[in-house]
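One file, target_3.pdb, is given below (PDB, C-alpha atoms, pLDDT in the B column).
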ATOM      1  CA  MET A   1     216.017 146.972 128.741  1.00 36.00           C
ATOM      2  CA  SER A   2     219.703 147.403 129.534  1.00 55.00           C
ATOM      3  CA  MET A   3     222.209 147.994 126.738  1.00 74.00           C
ATOM      4  CA  ASN A   4     224.409 145.131 125.646  1.00 94.00           C
ATOM      5  CA  PHE A   5     228.177 145.415 125.822  1.00 97.00           C
ATOM      6  CA  ARG A   6     228.651 146.503 122.205  1.00 98.00           C
ATOM      7  CA  GLN A   7     226.092 149.270 122.584  1.00 97.00           C
ATOM      8  CA  ARG A   8     227.875 150.526 125.684  1.00 97.00           C
ATOM      9  CA  LEU A   9     231.190 150.523 123.810  1.00 98.00           C
ATOM     10  CA  LEU A  10     229.788 152.290 120.751  1.00 97.00           C
ATOM     11  CA  ASN A  11     228.167 154.888 123.011  1.00 96.00           C
ATOM     12  CA  GLY A  12     231.606 155.792 124.363  1.00 95.00           C
ATOM     13  CA  GLU A  13     230.901 154.601 127.885  1.00 97.00           C
ATOM     14  CA  SER A  14     233.981 154.261 130.103  1.00 97.00           C
ATOM     15  CA  LEU A  15     234.625 150.524 130.524  1.00 98.00           C
ATOM     16  CA  VAL A  16     237.220 148.738 132.647  1.00 98.00           C
ATOM     17  CA  GLY A  17     238.116 145.065 132.445  1.00 98.00           C
ATOM     18  CA  THR A  18     241.018 142.719 132.995  1.00 98.00           C
ATOM     19  CA  PHE A  19     242.614 139.768 131.236  1.00 98.00           C
ATOM     20  CA  CYS A  20     241.851 136.260 132.456  1.00 98.00           C
ATOM     21  CA  ALA A  21     244.931 134.105 131.947  1.00 98.00           C
ATOM     22  CA  ILE A  22     244.404 131.308 134.477  1.00 98.00           C
ATOM     23  CA  PRO A  23     242.864 128.444 132.481  1.00 98.00           C
ATOM     24  CA  HIS A  24     240.203 127.428 134.978  1.00 98.00           C
ATOM     25  CA  PRO A  25     236.546 128.474 135.304  1.00 98.00           C
ATOM     26  CA  ALA A  26     236.798 128.857 139.084  1.00 98.00           C
ATOM     27  CA  ALA A  27     239.370 131.616 138.653  1.00 98.00           C
ATOM     28  CA  THR A  28     237.207 133.273 135.998  1.00 98.00           C
ATOM     29  CA  GLU A  29     234.155 133.124 138.240  1.00 98.00           C
ATOM     30  CA  MET A  30     236.060 134.856 141.035  1.00 98.00           C
ATOM     31  CA  VAL A  31     237.254 137.605 138.675  1.00 98.00           C
ATOM     32  CA  ALA A  32     233.735 138.000 137.285  1.00 98.00           C
ATOM     33  CA  SER A  33     232.457 138.692 140.798  1.00 98.00           C
ATOM     34  CA  ALA A  34     234.971 141.499 141.391  1.00 98.00           C
ATOM     35  CA  GLY A  35     233.025 144.301 139.725  1.00 97.00           C
ATOM     36  CA  PHE A  36     234.701 144.777 136.342  1.00 98.00           C
ATOM     37  CA  ASP A  37     232.592 145.878 133.391  1.00 98.00           C
ATOM     38  CA  PHE A  38     233.895 143.000 131.277  1.00 98.00           C
ATOM     39  CA  LEU A  39     236.578 140.312 131.090  1.00 98.00           C
ATOM     40  CA  CYS A  40     238.905 139.294 128.289  1.00 98.00           C
ATOM     41  CA  LEU A  41     240.025 135.664 128.136  1.00 98.00           C
ATOM     42  CA  ASP A  42     243.584 135.549 126.845  1.00 98.00           C
ATOM     43  CA  SER A  43     243.936 132.585 124.522  1.00 98.00           C
ATOM     44  CA  GLU A  44     246.872 134.259 122.761  1.00 98.00           C
ATOM     45  CA  HIS A  45     249.378 134.217 125.615  1.00 97.00           C
ATOM     46  CA  ALA A  46     247.804 131.806 128.117  1.00 98.00           C
ATOM     47  CA  ALA A  47     247.179 128.047 127.981  1.00 97.00           C
ATOM     48  CA  ILE A  48     243.488 128.429 127.126  1.00 98.00           C
ATOM     49  CA  ASP A  49     242.197 126.040 124.477  1.00 98.00           C
ATOM     50  CA  ARG A  50     238.710 126.016 122.963  1.00 97.00           C
ATOM     51  CA  GLU A  51     237.117 123.754 125.575  1.00 98.00           C
ATOM     52  CA  THR A  52     238.673 125.677 128.465  1.00 98.00           C
ATOM     53  CA  ALA A  53     237.626 129.011 126.964  1.00 98.00           C
ATOM     54  CA  GLU A  54     234.025 127.837 126.690  1.00 98.00           C
ATOM     55  CA  ASN A  55     234.001 126.750 130.341  1.00 98.00           C
ATOM     56  CA  MET A  56     235.489 130.099 131.348  1.00 98.00           C
ATOM     57  CA  LEU A  57     232.760 131.876 129.347  1.00 98.00           C
ATOM     58  CA  ARG A  58     230.184 129.852 131.284  1.00 98.00           C
ATOM     59  CA  ALA A  59     231.791 130.978 134.530  1.00 98.00           C
ATOM     60  CA  ALA A  60     231.620 134.641 133.497  1.00 98.00           C
ATOM     61  CA  SER A  61     227.948 134.248 132.628  1.00 97.00           C
ATOM     62  CA  VAL A  62     227.188 133.217 136.214  1.00 97.00           C
ATOM     63  CA  TRP A  63     227.751 136.883 137.099  1.00 97.00           C
ATOM     64  CA  SER A  64     226.272 138.171 133.821  1.00 97.00           C
ATOM     65  CA  ILE A  65     229.625 139.706 132.911  1.00 98.00           C
ATOM     66  CA  PRO A  66     230.392 140.006 129.172  1.00 98.00           C
ATOM     67  CA  ALA A  67     233.605 138.270 128.216  1.00 98.00           C
ATOM     68  CA  LEU A  68     235.674 138.910 125.122  1.00 98.00           C
ATOM     69  CA  VAL A  69     238.237 136.413 123.879  1.00 98.00           C
ATOM     70  CA  ARG A  70     241.645 137.490 122.688  1.00 98.00           C
ATOM     71  CA  VAL A  71     242.126 134.875 120.010  1.00 98.00           C
ATOM     72  CA  ALA A  72     245.543 133.421 119.222  1.00 98.00           C
ATOM     73  CA  GLY A  73     245.488 134.669 115.648  1.00 98.00           C
ATOM     74  CA  ASN A  74     243.492 136.292 112.873  1.00 98.00           C
ATOM     75  CA  THR A  75     241.851 133.209 111.366  1.00 98.00           C
ATOM     76  CA  PRO A  76     238.173 132.399 110.734  1.00 98.00           C
ATOM     77  CA  GLU A  77     238.520 129.152 112.671  1.00 98.00           C
ATOM     78  CA  LEU A  78     239.806 130.776 115.872  1.00 98.00           C
ATOM     79  CA  ILE A  79     237.401 133.705 115.684  1.00 98.00           C
ATOM     80  CA  GLY A  80     234.414 131.488 114.916  1.00 98.00           C
ATOM     81  CA  ALA A  81     235.229 129.101 117.741  1.00 98.00           C
ATOM     82  CA  ALA A  82     235.391 131.928 120.284  1.00 98.00           C
ATOM     83  CA  LEU A  83     232.104 133.439 119.143  1.00 98.00           C
ATOM     84  CA  ASP A  84     230.315 130.076 118.895  1.00 98.00           C
ATOM     85  CA  GLY A  85     231.387 129.487 122.492  1.00 98.00           C
ATOM     86  CA  GLY A  86     229.434 132.543 123.610  1.00 97.00           C
ATOM     87  CA  ALA A  87     232.053 135.309 123.663  1.00 98.00           C
ATOM     88  CA  ALA A  88     230.714 138.858 123.619  1.00 98.00           C
ATOM     89  CA  GLY A  89     233.334 139.621 121.000  1.00 98.00           C
ATOM     90  CA  VAL A  90     236.889 139.036 119.896  1.00 98.00           C
ATOM     91  CA  LEU A  91     240.133 140.913 120.334  1.00 98.00           C
ATOM     92  CA  VAL A  92     242.327 140.069 117.354  1.00 98.00           C
ATOM     93  CA  PRO A  93     246.089 140.490 117.851  1.00 98.00           C
ATOM     94  CA  ARG A  94     248.795 141.706 115.481  1.00 98.00           C
ATOM     95  CA  VAL A  95     246.589 143.505 112.955  1.00 98.00           C
ATOM     96  CA  ASN A  96     248.868 145.686 110.853  1.00 98.00           C
ATOM     97  CA  THR A  97     246.827 146.644 107.787  1.00 98.00           C
ATOM     98  CA  ALA A  98     243.291 147.496 106.739  1.00 98.00           C
ATOM     99  CA  GLU A  99     243.163 144.219 104.802  1.00 98.00           C
ATOM    100  CA  GLU A 100     243.887 142.260 107.979  1.00 98.00           C
ATOM    101  CA  ALA A 101     241.273 144.273 109.869  1.00 98.00           C
ATOM    102  CA  ARG A 102     238.688 143.533 107.168  1.00 98.00           C
ATOM    103  CA  ALA A 103     239.515 139.827 107.466  1.00 98.00           C
ATOM    104  CA  ALA A 104     238.808 139.958 111.217  1.00 98.00           C
ATOM    105  CA  VAL A 105     235.467 141.697 110.636  1.00 98.00           C
ATOM    106  CA  ASP A 106     234.549 139.269 107.864  1.00 98.00           C
ATOM    107  CA  ALA A 107     235.198 136.256 110.099  1.00 98.00           C
ATOM    108  CA  SER A 108     233.128 137.786 112.912  1.00 98.00           C
ATOM    109  CA  ARG A 109     229.974 138.827 111.027  1.00 98.00           C
ATOM    110  CA  TYR A 110     227.286 136.717 109.420  1.00 98.00           C
ATOM    111  CA  PRO A 111     226.291 137.395 105.797  1.00 97.00           C
ATOM    112  CA  PRO A 112     225.692 139.837 104.250  1.00 96.00           C
ATOM    113  CA  HIS A 113     228.230 141.688 106.415  1.00 97.00           C
ATOM    114  CA  GLY A 114     230.731 138.849 106.628  1.00 98.00           C
ATOM    115  CA  SER A 115     231.265 135.156 106.089  1.00 98.00           C
ATOM    116  CA  ARG A 116     231.050 133.684 109.592  1.00 98.00           C
ATOM    117  CA  GLY A 117     229.750 130.134 109.496  1.00 96.00           C
ATOM    118  CA  ALA A 118     226.474 129.316 111.286  1.00 95.00           C
ATOM    119  CA  GLY A 119     226.516 126.346 113.639  1.00 91.00           C
ATOM    120  CA  PRO A 120     224.758 124.935 116.717  1.00 92.00           C
ATOM    121  CA  GLY A 121     227.224 126.145 119.331  1.00 95.00           C
ATOM    122  CA  ARG A 122     226.754 127.384 122.872  1.00 97.00           C
ATOM    123  CA  ALA A 123     226.062 130.952 121.699  1.00 97.00           C
ATOM    124  CA  SER A 124     222.944 129.794 119.843  1.00 96.00           C
ATOM    125  CA  SER A 125     221.723 127.492 122.638  1.00 96.00           C
ATOM    126  CA  TYR A 126     223.232 124.561 120.742  1.00 96.00           C
ATOM    127  CA  GLY A 127     221.035 125.238 117.748  1.00 95.00           C
ATOM    128  CA  GLY A 128     217.810 125.663 119.659  1.00 96.00           C
ATOM    129  CA  GLY A 129     218.019 129.434 119.404  1.00 96.00           C
ATOM    130  CA  LEU A 130     219.957 129.646 116.154  1.00 96.00           C
ATOM    131  CA  SER A 131     217.410 131.745 114.274  1.00 95.00           C
ATOM    132  CA  GLY A 132     217.276 134.406 116.988  1.00 96.00           C
ATOM    133  CA  TYR A 133     221.043 134.415 117.400  1.00 97.00           C
ATOM    134  CA  LEU A 134     221.604 134.830 113.665  1.00 96.00           C
ATOM    135  CA  GLY A 135     219.277 137.808 113.749  1.00 96.00           C
ATOM    136  CA  SER A 136     221.073 139.613 116.578  1.00 97.00           C
ATOM    137  CA  ALA A 137     224.723 138.555 116.514  1.00 97.00           C
ATOM    138  CA  ASN A 138     225.911 141.137 113.984  1.00 97.00           C
ATOM    139  CA  ASP A 139     224.480 143.873 116.206  1.00 97.00           C
ATOM    140  CA  ASP A 140     225.799 142.407 119.457  1.00 97.00           C
ATOM    141  CA  ILE A 141     229.280 141.056 118.748  1.00 98.00           C
ATOM    142  CA  VAL A 142     232.293 143.323 119.371  1.00 98.00           C
ATOM    143  CA  VAL A 143     235.122 143.174 116.847  1.00 98.00           C
ATOM    144  CA  ALA A 144     238.322 144.777 118.112  1.00 98.00           C
ATOM    145  CA  VAL A 145     241.824 144.644 116.669  1.00 98.00           C
ATOM    146  CA  GLN A 146     245.137 145.223 118.358  1.00 98.00           C
ATOM    147  CA  ILE A 147     247.470 147.991 117.243  1.00 98.00           C
ATOM    148  CA  GLU A 148     250.843 146.811 118.471  1.00 98.00           C
ATOM    149  CA  SER A 149     253.507 147.443 115.849  1.00 98.00           C
ATOM    150  CA  VAL A 150     255.162 150.290 113.973  1.00 98.00           C
ATOM    151  CA  GLU A 151     253.488 149.030 110.793  1.00 98.00           C
ATOM    152  CA  ALA A 152     250.068 149.185 112.436  1.00 98.00           C
ATOM    153  CA  VAL A 153     250.705 152.728 113.665  1.00 98.00           C
ATOM    154  CA  GLN A 154     251.675 153.744 110.129  1.00 98.00           C
ATOM    155  CA  HIS A 155     248.416 152.290 108.773  1.00 98.00           C
ATOM    156  CA  VAL A 156     246.170 153.237 111.669  1.00 98.00           C
ATOM    157  CA  ALA A 157     243.983 155.650 109.681  1.00 98.00           C
ATOM    158  CA  GLU A 158     243.149 152.984 107.113  1.00 98.00           C
ATOM    159  CA  ILE A 159     242.553 150.374 109.827  1.00 98.00           C
ATOM    160  CA  ALA A 160     240.326 152.693 111.847  1.00 98.00           C
ATOM    161  CA  ALA A 161     238.167 153.358 108.769  1.00 98.00           C
ATOM    162  CA  VAL A 162     237.349 149.681 108.149  1.00 98.00           C
ATOM    163  CA  GLU A 163     233.579 149.224 108.072  1.00 97.00           C
ATOM    164  CA  GLY A 164     232.220 147.013 110.836  1.00 97.00           C
ATOM    165  CA  LEU A 165     235.249 147.434 113.099  1.00 98.00           C
ATOM    166  CA  ASP A 166     234.226 148.458 116.613  1.00 98.00           C
ATOM    167  CA  MET A 167     237.491 149.331 118.330  1.00 98.00           C
ATOM    168  CA  LEU A 168     241.233 149.790 118.038  1.00 98.00           C
ATOM    169  CA  PHE A 169     242.978 148.312 121.075  1.00 98.00           C
ATOM    170  CA  ILE A 170     246.530 149.497 121.717  1.00 98.00           C
ATOM    171  CA  GLY A 171     248.988 146.922 123.053  1.00 97.00           C
ATOM    172  CA  PRO A 172     251.885 148.885 124.589  1.00 97.00           C
ATOM    173  CA  GLY A 173     254.038 145.826 125.281  1.00 96.00           C
ATOM    174  CA  ASP A 174     254.496 144.599 121.732  1.00 97.00           C
ATOM    175  CA  LEU A 175     254.417 148.169 120.441  1.00 97.00           C
ATOM    176  CA  SER A 176     257.396 149.064 122.618  1.00 97.00           C
ATOM    177  CA  VAL A 177     259.270 146.036 121.248  1.00 97.00           C
ATOM    178  CA  SER A 178     258.436 147.028 117.667  1.00 97.00           C
ATOM    179  CA  LEU A 179     259.628 150.568 118.373  1.00 97.00           C
ATOM    180  CA  GLY A 180     262.852 149.290 119.941  1.00 96.00           C
ATOM    181  CA  ALA A 181     261.853 151.168 123.074  1.00 94.00           C
ATOM    182  CA  THR A 182     262.375 148.530 125.746  1.00 93.00           C
ATOM    183  CA  GLY A 183     265.364 149.987 127.561  1.00 90.00           C
ATOM    184  CA  GLY A 184     263.378 151.905 130.135  1.00 89.00           C
ATOM    185  CA  THR A 185     265.064 155.192 129.256  1.00 94.00           C
ATOM    186  CA  GLU A 186     263.291 158.540 129.121  1.00 93.00           C
ATOM    187  CA  HIS A 187     263.620 158.453 125.328  1.00 94.00           C
ATOM    188  CA  ASP A 188     262.028 154.995 125.177  1.00 94.00           C
ATOM    189  CA  THR A 189     259.139 156.113 127.355  1.00 94.00           C
ATOM    190  CA  LYS A 190     258.556 159.178 125.210  1.00 95.00           C
ATOM    191  CA  SER A 191     258.683 157.157 121.971  1.00 96.00           C
ATOM    192  CA  LEU A 192     256.015 154.784 123.262  1.00 97.00           C
ATOM    193  CA  GLN A 193     253.832 157.562 124.668  1.00 97.00           C
ATOM    194  CA  ASP A 194     254.052 159.486 121.397  1.00 97.00           C
ATOM    195  CA  ALA A 195     253.066 156.419 119.366  1.00 97.00           C
ATOM    196  CA  ILE A 196     250.076 155.709 121.604  1.00 98.00           C
ATOM    197  CA  SER A 197     249.012 159.345 121.502  1.00 97.00           C
ATOM    198  CA  SER A 198     249.177 159.427 117.704  1.00 97.00           C
ATOM    199  CA  VAL A 199     246.957 156.345 117.442  1.00 98.00           C
ATOM    200  CA  VAL A 200     244.460 157.846 119.886  1.00 98.00           C
ATOM    201  CA  GLU A 201     244.352 161.145 118.019  1.00 97.00           C
ATOM    202  CA  ILE A 202     243.840 159.570 114.590  1.00 97.00           C
ATOM    203  CA  ALA A 203     241.173 157.217 115.932  1.00 97.00           C
ATOM    204  CA  LYS A 204     239.336 160.153 117.497  1.00 96.00           C
ATOM    205  CA  GLN A 205     239.390 162.053 114.223  1.00 97.00           C
ATOM    206  CA  LEU A 206     237.754 159.054 112.528  1.00 97.00           C
ATOM    207  CA  SER A 207     235.263 158.527 115.389  1.00 97.00           C
ATOM    208  CA  GLN A 208     236.729 155.097 116.105  1.00 98.00           C
ATOM    209  CA  ASN A 209     236.577 153.691 119.642  1.00 98.00           C
ATOM    210  CA  ILE A 210     239.887 153.232 121.432  1.00 98.00           C
ATOM    211  CA  GLY A 211     240.989 150.698 124.019  1.00 98.00           C
ATOM    212  CA  LEU A 212     244.290 150.497 125.888  1.00 98.00           C
ATOM    213  CA  PHE A 213     246.105 148.004 128.101  1.00 98.00           C
ATOM    214  CA  ARG A 214     247.563 149.330 131.335  1.00 98.00           C
ATOM    215  CA  LEU A 215     249.557 147.503 133.975  1.00 97.00           C
ATOM    216  CA  SER A 216     247.862 149.524 136.718  1.00 96.00           C
ATOM    217  CA  THR A 217     245.150 152.122 137.174  1.00 96.00           C
ATOM    218  CA  ASP A 218     247.643 154.913 137.856  1.00 96.00           C
ATOM    219  CA  ASP A 219     247.210 156.784 134.579  1.00 96.00           C
ATOM    220  CA  VAL A 220     243.837 155.653 133.217  1.00 97.00           C
ATOM    221  CA  ALA A 221     242.348 159.094 133.924  1.00 97.00           C
ATOM    222  CA  HIS A 222     245.088 160.698 131.796  1.00 97.00           C
ATOM    223  CA  TRP A 223     244.341 158.453 128.822  1.00 98.00           C
ATOM    224  CA  ALA A 224     240.590 158.791 129.318  1.00 98.00           C
ATOM    225  CA  ASP A 225     240.993 162.558 129.042  1.00 97.00           C
ATOM    226  CA  LEU A 226     242.729 162.040 125.698  1.00 97.00           C
ATOM    227  CA  GLY A 227     239.906 159.879 124.360  1.00 97.00           C
ATOM    228  CA  VAL A 228     240.441 156.271 125.451  1.00 98.00           C
ATOM    229  CA  SER A 229     237.142 154.782 126.600  1.00 98.00           C
ATOM    230  CA  LEU A 230     238.012 151.130 127.300  1.00 98.00           C
ATOM    231  CA  PHE A 231     240.796 149.823 129.511  1.00 98.00           C
ATOM    232  CA  ILE A 232     242.057 146.319 130.168  1.00 98.00           C
ATOM    233  CA  VAL A 233     244.028 146.630 133.386  1.00 98.00           C
ATOM    234  CA  SER A 234     246.583 143.937 134.140  1.00 98.00           C
ATOM    235  CA  SER A 235     245.392 140.326 134.485  1.00 98.00           C
ATOM    236  CA  GLU A 236     244.208 138.175 137.327  1.00 98.00           C
ATOM    237  CA  SER A 237     247.481 136.235 137.280  1.00 98.00           C
ATOM    238  CA  MET A 238     249.605 139.400 137.369  1.00 97.00           C
ATOM    239  CA  MET A 239     247.523 140.842 140.215  1.00 97.00           C
ATOM    240  CA  MET A 240     247.769 137.556 142.108  1.00 97.00           C
ATOM    241  CA  MET A 241     251.547 137.450 141.683  1.00 97.00           C
ATOM    242  CA  ALA A 242     251.896 141.051 142.863  1.00 96.00           C
ATOM    243  CA  PHE A 243     249.698 140.443 145.918  1.00 96.00           C
ATOM    244  CA  MET A 244     251.505 137.206 146.834  1.00 97.00           C
ATOM    245  CA  SER A 245     254.921 138.805 146.478  1.00 97.00           C
ATOM    246  CA  ASP A 246     253.844 141.750 148.623  1.00 96.00           C
ATOM    247  CA  THR A 247     252.325 139.457 151.268  1.00 96.00           C
ATOM    248  CA  ALA A 248     255.412 137.249 151.423  1.00 96.00           C
ATOM    249  CA  SER A 249     257.715 140.259 151.704  1.00 95.00           C
ATOM    250  CA  LYS A 250     255.659 141.856 154.482  1.00 94.00           C
ATOM    251  CA  ALA A 251     255.366 138.603 156.424  1.00 94.00           C
ATOM    252  CA  GLN A 252     259.107 137.957 156.233  1.00 94.00           C
ATOM    253  CA  SER A 253     259.838 141.540 157.237  1.00 91.00           C
ATOM    254  CA  ASN A 254     257.551 141.321 160.263  1.00 90.00           C
ATOM    255  CA  LEU A 255     259.058 137.995 161.341  1.00 91.00           C
ATOM    256  CA  LYS A 256     262.535 139.522 161.431  1.00 83.00           C
ATOM    257  CA  LYS A 257     261.403 141.446 164.489  1.00 72.00           C
ATOM    258  CA  TYR A 258     261.262 138.199 166.493  1.00 70.00           C
TER     259      TYR A 258
END
Let me see the file written as structure tokens.
Amino acid sequence: MSMNFRQRLLNGESLVGTFCAIPHPAATEMVASAGFDFLCLDSEHAAIDRETAENMLRAASVWSIPALVRVAGNTPELIGAALDGGAAGVLVPRVNTAEEARAAVDASRYPPHGSRGAGPGRASSYGGGLSGYLGSANDDIVVAVQIESVEAVQHVAEIAAVEGLDMLFIGPGDLSVSLGATGGTEHDTKSLQDAISSVVEIAKQLSQNIGLFRLSTDDVAHWADLGVSLFIVSSESMMMMAFMSDTASKAQSNLKKY
């Protein structure tokens, strides 16, 4: 029997996924067919509501690809909705303290390890498989929190030690804003790299799994060597924009020859 996604993560397997930001199941189905290890539906920054997210989760399941949901906030209602819809786990943004991390775990786990409410959602075959789902969900669901502020970096050891937390995921974009390192200077780049490196090192010392967002695949090997095991690379919308811009530019350039 093949390992589920959480088992692969906890075993330290190298995993590569991408964000899905286009709020349509057809787009998700195409991304799911591309060969990623997993997807992450972005309901924090994209126009993905609960119904749309559930349809996108259905599309991912066509290709048997596990899909996390980055929820819009750290609330039991948002986390429960994502998991009831069949998500393989949640990515919780803007977690700055151990208390906030414990709240995310609590909302994601059924008693006695949390307080997630049991209901007849898609994940439990609309109630038909509720008993089996209740028995396996705590072992199968991934709970990851985003480290994306100076405050979170300062508290990373306490966050990493929270029982039931499966992964720290570093968000370089918001972290660079929090650091005041958005000017593109060499100093800004170093400040961000140093902050990421410190999070990775502390997480490694505490045997906590580490994920990282990258705009491209250019330096994933570097971060993997340092201990990052999971990468979310770009998003389908960002890749589409880059490809379209490149295609338009090349076509216009070639037409200038005539």
Extract, using all atoms listed in the file, all DNA, RNA and protein residues at most 9 Å from Val153 (chain A), discarding same-chain residues fewer than 4 positions from it, and format them as number ranges by chain.
-> A: 96, 147-149, 157, 175, 195-196, 198-199
Go ahead and write the residues just picked, C-alpha atoms, as a PDB file, in the frame of the given file.
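Dumped everything to selection27.pdb:
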ATOM      1  CA  ASN A  96     248.868 145.686 110.853  1.00 98.00           C
ATOM      2  CA  ILE A 147     247.470 147.991 117.243  1.00 98.00           C
ATOM      3  CA  GLU A 148     250.843 146.811 118.471  1.00 98.00           C
ATOM      4  CA  SER A 149     253.507 147.443 115.849  1.00 98.00           C
ATOM      5  CA  ALA A 157     243.983 155.650 109.681  1.00 98.00           C
ATOM      6  CA  LEU A 175     254.417 148.169 120.441  1.00 97.00           C
ATOM      7  CA  ALA A 195     253.066 156.419 119.366  1.00 97.00           C
ATOM      8  CA  ILE A 196     250.076 155.709 121.604  1.00 98.00           C
ATOM      9  CA  SER A 198     249.177 159.427 117.704  1.00 97.00           C
ATOM     10  CA  VAL A 199     246.957 156.345 117.442  1.00 98.00           C
TER      11      VAL A 199
END
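Among the candidates A:Asp188, A:Glu158, A:Glu100, A:Glu29, the residue lying nearest to Asn55 (chain A) is A:Glu29 (atoms considered: all atoms listed in the file).
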Explicit residue set for the PyMOL selection byres ((chain A and resi 166) around 6), as a ChimeraX atom specification | /A:143-144,165,167
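A straight line drawn from CA of Ser249 (chain A) to CA of Val31 (chain A) is 24.4 Å long.
You can rank A:Val142, A:Ala118, A:Ala67, A:Leu41 by their closest distance to Gly164 (chain A) using all atoms listed in the file, and at the top of that list sits A:Val142.
Between CA of Tyr126 (chain A) and CA of Ala88 (chain A) lies a distance of 16.4 Å.
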Could you tell me which residues the PyMOL selection byres ((chain A and resi 216) around 12) returns for this structure, as a count of residues only?
-> 21
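When the PyMOL selection byres ((chain A and resi 6) around 9) is evaluated against the file, it yields Met3, Asn4, Phe5, Gln7, Arg8, Leu9, Leu10, Asn11, Ala88, Gly89, Asp139, Asp140, Ile141, Val142 and Asp166 of chain A.
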Residue nearest Asp37 (chain A) - candidates A:Gly132, A:Gly80, A:Pro172, A:Pro66, atoms counted: only C-alpha atoms = A:Pro66
Please put the answer as lines of an AutoDock Vina configuration file: centre and edge lengths, in Å with one decimal, of a box along x, y and z that encloses all listed atoms of region 21-25 of chain A plus 6 Å on each side.
center_x = 240.7
center_y = 130.8
center_z = 133.6
size_x = 20.4
size_y = 18.7
size_z = 15.4
Counting only C-alpha atoms, what is within 8 Å of Ser237 (chain A), bar same-chain residues fewer than 6 positions away, as number ranges by chain?
-> A: 20-22
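Our summary of the geometry notes that CA of Pro112 (chain A) is positioned 27.9 Å from CA of Gln205 (chain A).
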Up to 6 Å from (232.9, 130.1, 124.8) in the file's coordinates: name the residues, counting all atoms listed in the file, as a ChimeraX atom specification.
-> /A:53-54,57,82,85-87
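Minimum atom-to-atom distances from A:Glu163, A:Glu44, A:Glu51, A:Glu99 to Ala72 (chain A) were compared using only C-alpha atoms, and the lowest value belongs to A:Glu44.
Among the candidates A:Ala32, A:Ala251, A:Val69, A:Leu83, the residue lying nearest to Tyr110 (chain A) is A:Leu83 (atoms considered: only C-alpha atoms).
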Neighbours of Val177 (chain A) within 12 Å (only C-alpha atoms; same-chain residues fewer than 4 positions away dropped), as a CSV table (one decimal) with C-alpha atoms, keeping the file's coordinate frame?
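Result file is selection.csv:
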chain,number,residue,atom,x,y,z
A,148,GLU,CA,250.8,146.8,118.5
A,149,SER,CA,253.5,147.4,115.8
A,150,VAL,CA,255.2,150.3,114.0
A,171,GLY,CA,249.0,146.9,123.1
A,172,PRO,CA,251.9,148.9,124.6
A,173,GLY,CA,254.0,145.8,125.3
A,181,ALA,CA,261.9,151.2,123.1
A,182,THR,CA,262.4,148.5,125.7
A,183,GLY,CA,265.4,150.0,127.6
A,184,GLY,CA,263.4,151.9,130.1
A,188,ASP,CA,262.0,155.0,125.2
A,189,THR,CA,259.1,156.1,127.4
A,191,SER,CA,258.7,157.2,122.0
A,192,LEU,CA,256.0,154.8,123.3
